[in-house]
Amino acid sequence: MSLLELKAISKNFGAIQALQGVDLEVDIGEAVGLMGDNGAGKSTLMKIVAGNYPPTSGEIRIEGRQVEFAQPIDARENGIEIVYQDLALCDNLTAAANVFLGRELKKSLGPFRWLDHRAMFERSGQIFGELKSETRPRDVVRQMSGGQRQAVAIARTRLSEPKLVLMDEPTAAISVRQVAEVLALIRRLKEAGHAVILVSHRMPDVFAVCDRVVVLRRGRKVADKAIAATSPEEVTGLITGAIEHA
Amino acid sequence: MSEISEKSHAEIDESITLHREMTGFQAAIRTQPFWVFLAILAIGVIMSFVSEPFLTDRNMFNITRNFAFFGIMALGMSAVICTAGIDLSVGSLMGLTGIVAGLVMQAGYGIVWGFLACMGTAAIVGIINGVLIAYLRMAPFVVTLGMLAMARSIAMVVSNNKMIYEFGPDQELFEWLGGESVFGIPNPVWVLIILTAVFWWVWRYSVWGRWVIAIGGNAQAAKLSGIPVERITVSVYVISALCAGLAAFLMVGWFGSVTNALGLTYELNVIAASVIGGANLMGGVVYAVGAPIGAGLMELIRNSLLLAGIDALWQQFFVGLFLILAVLLEQIRNRGRR
Ligand SMILES: Nc1ncnc2c1ncn2[C@@H]1O[C@H](COP(=O)(O)OP(=O)(O)O)[C@@H](O)[C@H]1O
Ligand SMILES: [Mg+2]
């Protein structure tokens, strides 16, 4: 039984058919690279799994159970965390506030409850440390570099023990040094038994950390191969359409 | 990527991370309320030298009581503005809630019923504003402009265009609440002080406050984080309406009478007070102390002009001028930041 199983997922935005009959399985502890040209439907697929919107048709199964996500929290409660391509951060809040956004830590006394700033600063500082990022919990996101913002977005997924982490282009906006950190993080997630879907344009990233690569072209899945059984050249051909199918 | 650009990337990261942590005071002097507060002190010092009557108890009492009403409403308005919204209906809502409170007490009900009717009416109007804005995704400007007209009109209808000056069995208590003072401080000022403290706590320590600020920063991100954006947005308009209702209740008690013209054009002063106090019309910024400070500066200037013998007809000119200046200042500061 797979951790995540997608069956014949299709998604239409009005006349645009963003996804057509996509099947996908992800096992525990597996890292799957999801590749494809701009507009191929990668982000759309991730957002469906993360509960942003439902598929037009098709089925999602988590550990064999069929699920329907009405909103992102439903997916989160099923152990799915996502790092959005545009990072989805509040620029006006601190790093720690963003990490805990929507699930703030609270203290309480009788009926009163208030934000536990210190605990949130400490915990997010810890997570940034684990991610080997110098991002500081008290800094406001507006003043941060691309890499630091990325660390904040990734740190959000570390609050729970997710079964599956979706990363949409996590290395698109950051420096080479920071890419190495993100890749190291993905390896650590794998070692800890978490599954990862890595959406990326960067061939070396996918070949460095993923076990399998899936290629989307114009909303259809055109390949699903073990990394060991393919090559960057073949994947490039599949993405561009030079190779029809594999 | 070349080695050089890679290195400079890393250096930029370093330089950003090496920024020293700010102390509380350093953080405070970067905020608008701090500078406006200095301006208030400066004007106060100058006025106390050039004008005899300025520092008299009588004048101080007037200044503080006058600005309390605007300050109370600006606290609610700041919450709305923090979500990048606007509430133009607060002035009309004062008229409506003031009339409702008056009618209920005139009919012989006690002050508690008057207060509940006043706040209940405010809550209903706030809910209507909020639902139209949050769920039907209408522009706050349009919804609350429409409400500005409708609330005033209903106030005229239910009051039958008559003044109300009899407030039933609790008339004395009612007039004491709005018009008298405790320990030398006018009651509405006490209300403002308490509410400012409450909002200070709310913005700093409550989950609701955190979520409102998040919505103002990036509503999309807030939504994706599981924050009930629509419900929170409605609550913000309800808070603004309740503040207007409370201000009306106190003001009617102070005047000892109410007509349906109560609060006419006050929305301008309230928005100006919020913005001068540091609320950013683009959303995401709010200070509890900004509301009383913004309202305080405006009242101080109004009072100074009056004492300087300048025609009262100039008052609104200066309110408008300061509103524009505050927004201009904010934009200049933003440009500096980028
Ligand atoms: N919310 C939306 N409304 C309408 N069209 C959309 C929406 N999201 C994505 N699309 C369209 O769906 C297609 C796939 O987009 P996307 O999944 O973002 O591609 P990718 O992430 O692979 O670059 C594109 O043609 C895009 O324009
Ligand atoms: Mg995308």
# chains A, B, ... in the order shown; residues from 1 in each chain; ligands from 1

call {"tool": "interface_residues", "arguments": {"of": "chain B", "to": "chain A", "cutoff": "6 Å", "atoms": "only C-alpha atoms", "output": "list in words"}}
result
Tyr205, Ser206, Gly217, Asn218, Ala221, Ser225, Gly226 and Ile227 of chain B

call {"tool": "select_by_dssp", "arguments": {"residues": "range 125-304 of chain B", "states": "strand (DSSP E)", "output": "ChimeraX atom specification"}}
result
/B:181-182,185-186

call {"tool": "residues_near_ligand", "arguments": {"ligand": "ligand 1", "cutoff": "9 Å", "atoms": "only C-alpha atoms and all ligand atoms", "output": "PyMOL selection string"}}
result
chain A and resi 11-19+35-47+85+168-169+199+216-219

call {"tool": "closest_residue", "arguments": {"among": "A:Ala246, A:Val235, A:Ile60, A:Leu3", "to": "Arg202 in chain A", "atoms": "only C-alpha atoms"}}
result
A:Val235

call {"tool": "closest_residue", "arguments": {"among": "A:Ala155, A:Val165, A:Ala172, A:Ala96", "to": "ligand 2", "atoms": "only C-alpha atoms and all ligand atoms"}}
result
A:Ala172

call {"tool": "atom_distance", "arguments": {"atom1": "CA of Ala31 in chain A", "atom2": "CA of Ala192 in chain A"}}
result
11.9 Å

call {"tool": "residues_around", "arguments": {"residues": "Val22 in chain A", "least_positions_apart": "4", "cutoff": "7 Å", "atoms": "only C-alpha atoms", "output": "ChimeraX atom specification"}}
result
/A:7-10,220-221

call {"tool": "atom_distance", "arguments": {"atom1": "CA of Ser181 in chain B", "atom2": "CA of Ala197 in chain B"}}
result
19.2 Å

call {"tool": "decode", "arguments": {"residues": "range 73-100 of chain A", "atoms": "N, CA, C and O atoms", "output": "tab-separated table (two decimals), in the first residue's frame"}}
result
chain	number	residue	atom	x	y	z
A	73	ILE	N	-6.04	22.78	5.55
A	73	ILE	CA	-5.87	22.14	6.86
A	73	ILE	C	-6.21	20.66	6.80
A	73	ILE	O	-5.62	19.86	7.52
A	74	ASP	N	-7.18	20.29	5.95
A	74	ASP	CA	-7.55	18.88	5.85
A	74	ASP	C	-6.36	18.05	5.41
A	74	ASP	O	-6.12	16.96	5.91
A	75	ALA	N	-5.61	18.59	4.44
A	75	ALA	CA	-4.43	17.86	3.97
A	75	ALA	C	-3.38	17.81	5.07
A	75	ALA	O	-2.75	16.78	5.29
A	76	ARG	N	-3.24	18.92	5.78
A	76	ARG	CA	-2.25	18.97	6.85
A	76	ARG	C	-2.58	17.94	7.92
A	76	ARG	O	-1.70	17.27	8.45
A	77	GLU	N	-3.87	17.80	8.21
A	77	GLU	CA	-4.27	16.83	9.22
A	77	GLU	C	-4.02	15.40	8.77
A	77	GLU	O	-3.94	14.49	9.58
A	78	ASN	N	-3.91	15.23	7.45
A	78	ASN	CA	-3.58	13.90	6.93
A	78	ASN	C	-2.08	13.74	6.74
A	78	ASN	O	-1.64	12.83	6.03
A	79	GLY	N	-1.30	14.63	7.32
A	79	GLY	CA	0.15	14.46	7.29
A	79	GLY	C	0.84	14.97	6.04
A	79	GLY	O	1.92	14.53	5.70
A	80	ILE	N	0.19	15.92	5.35
A	80	ILE	CA	0.80	16.48	4.15
A	80	ILE	C	1.16	17.95	4.39
A	80	ILE	O	0.32	18.74	4.80
A	81	GLU	N	2.41	18.29	4.17
A	81	GLU	CA	2.86	19.67	4.31
A	81	GLU	C	3.37	20.13	2.95
A	81	GLU	O	3.93	19.35	2.19
A	82	ILE	N	3.19	21.41	2.65
A	82	ILE	CA	3.64	21.91	1.35
A	82	ILE	C	4.45	23.19	1.49
A	82	ILE	O	4.17	24.02	2.37
A	83	VAL	N	5.46	23.30	0.67
A	83	VAL	CA	6.18	24.57	0.51
A	83	VAL	C	5.76	25.12	-0.85
A	83	VAL	O	6.05	24.52	-1.88
A	84	TYR	N	5.02	26.23	-0.84
A	84	TYR	CA	4.50	26.77	-2.09
A	84	TYR	C	5.59	27.42	-2.92
A	84	TYR	O	6.57	27.94	-2.39
A	85	GLN	N	5.37	27.40	-4.22
A	85	GLN	CA	6.34	27.99	-5.14
A	85	GLN	C	6.58	29.46	-4.83
A	85	GLN	O	7.70	29.93	-4.80
A	86	ASP	N	5.49	30.21	-4.56
A	86	ASP	CA	5.66	31.63	-4.25
A	86	ASP	C	5.88	31.84	-2.74
A	86	ASP	O	5.81	32.95	-2.26
A	87	LEU	N	6.11	30.75	-2.03
A	87	LEU	CA	6.48	30.74	-0.61
A	87	LEU	C	5.36	31.14	0.35
A	87	LEU	O	5.34	30.71	1.49
A	88	ALA	N	4.38	31.93	-0.10
A	88	ALA	CA	3.21	32.25	0.73
A	88	ALA	C	3.59	32.68	2.14
A	88	ALA	O	3.22	32.06	3.13
A	89	LEU	N	4.36	33.76	2.24
A	89	LEU	CA	4.74	34.30	3.54
A	89	LEU	C	4.11	35.68	3.74
A	89	LEU	O	3.78	36.36	2.78
A	90	CYS	N	3.96	36.07	5.01
A	90	CYS	CA	3.52	37.43	5.32
A	90	CYS	C	4.76	38.28	5.57
A	90	CYS	O	5.44	38.12	6.58
A	91	ASP	N	5.02	39.19	4.65
A	91	ASP	CA	6.22	40.04	4.70
A	91	ASP	C	6.31	40.88	5.95
A	91	ASP	O	7.38	41.27	6.37
A	92	ASN	N	5.15	41.21	6.52
A	92	ASN	CA	5.13	42.15	7.64
A	92	ASN	C	5.34	41.46	8.99
A	92	ASN	O	5.38	42.11	10.01
A	93	LEU	N	5.44	40.13	8.97
A	93	LEU	CA	5.62	39.42	10.24
A	93	LEU	C	7.04	38.86	10.36
A	93	LEU	O	7.76	38.77	9.37
A	94	THR	N	7.40	38.48	11.57
A	94	THR	CA	8.73	37.91	11.78
A	94	THR	C	8.80	36.49	11.23
A	94	THR	O	7.78	35.87	10.93
A	95	ALA	N	10.03	36.00	11.14
A	95	ALA	CA	10.23	34.63	10.67
A	95	ALA	C	9.46	33.65	11.55
A	95	ALA	O	8.74	32.78	11.05
A	96	ALA	N	9.58	33.82	12.86
A	96	ALA	CA	8.90	32.90	13.78
A	96	ALA	C	7.39	32.96	13.60
A	96	ALA	O	6.70	31.94	13.60
A	97	ALA	N	6.86	34.17	13.46
A	97	ALA	CA	5.41	34.33	13.28
A	97	ALA	C	4.95	33.61	12.02
A	97	ALA	O	3.88	33.01	11.99
A	98	ASN	N	5.76	33.67	10.97
A	98	ASN	CA	5.41	32.99	9.74
A	98	ASN	C	5.48	31.47	9.90
A	98	ASN	O	4.63	30.75	9.38
A	99	VAL	N	6.50	31.01	10.59
A	99	VAL	CA	6.64	29.57	10.78
A	99	VAL	C	5.39	29.02	11.48
A	99	VAL	O	4.85	27.99	11.11
A	100	PHE	N	4.90	29.76	12.47
A	100	PHE	CA	3.78	29.27	13.27
A	100	PHE	C	2.42	29.81	12.81
A	100	PHE	O	1.42	29.61	13.50
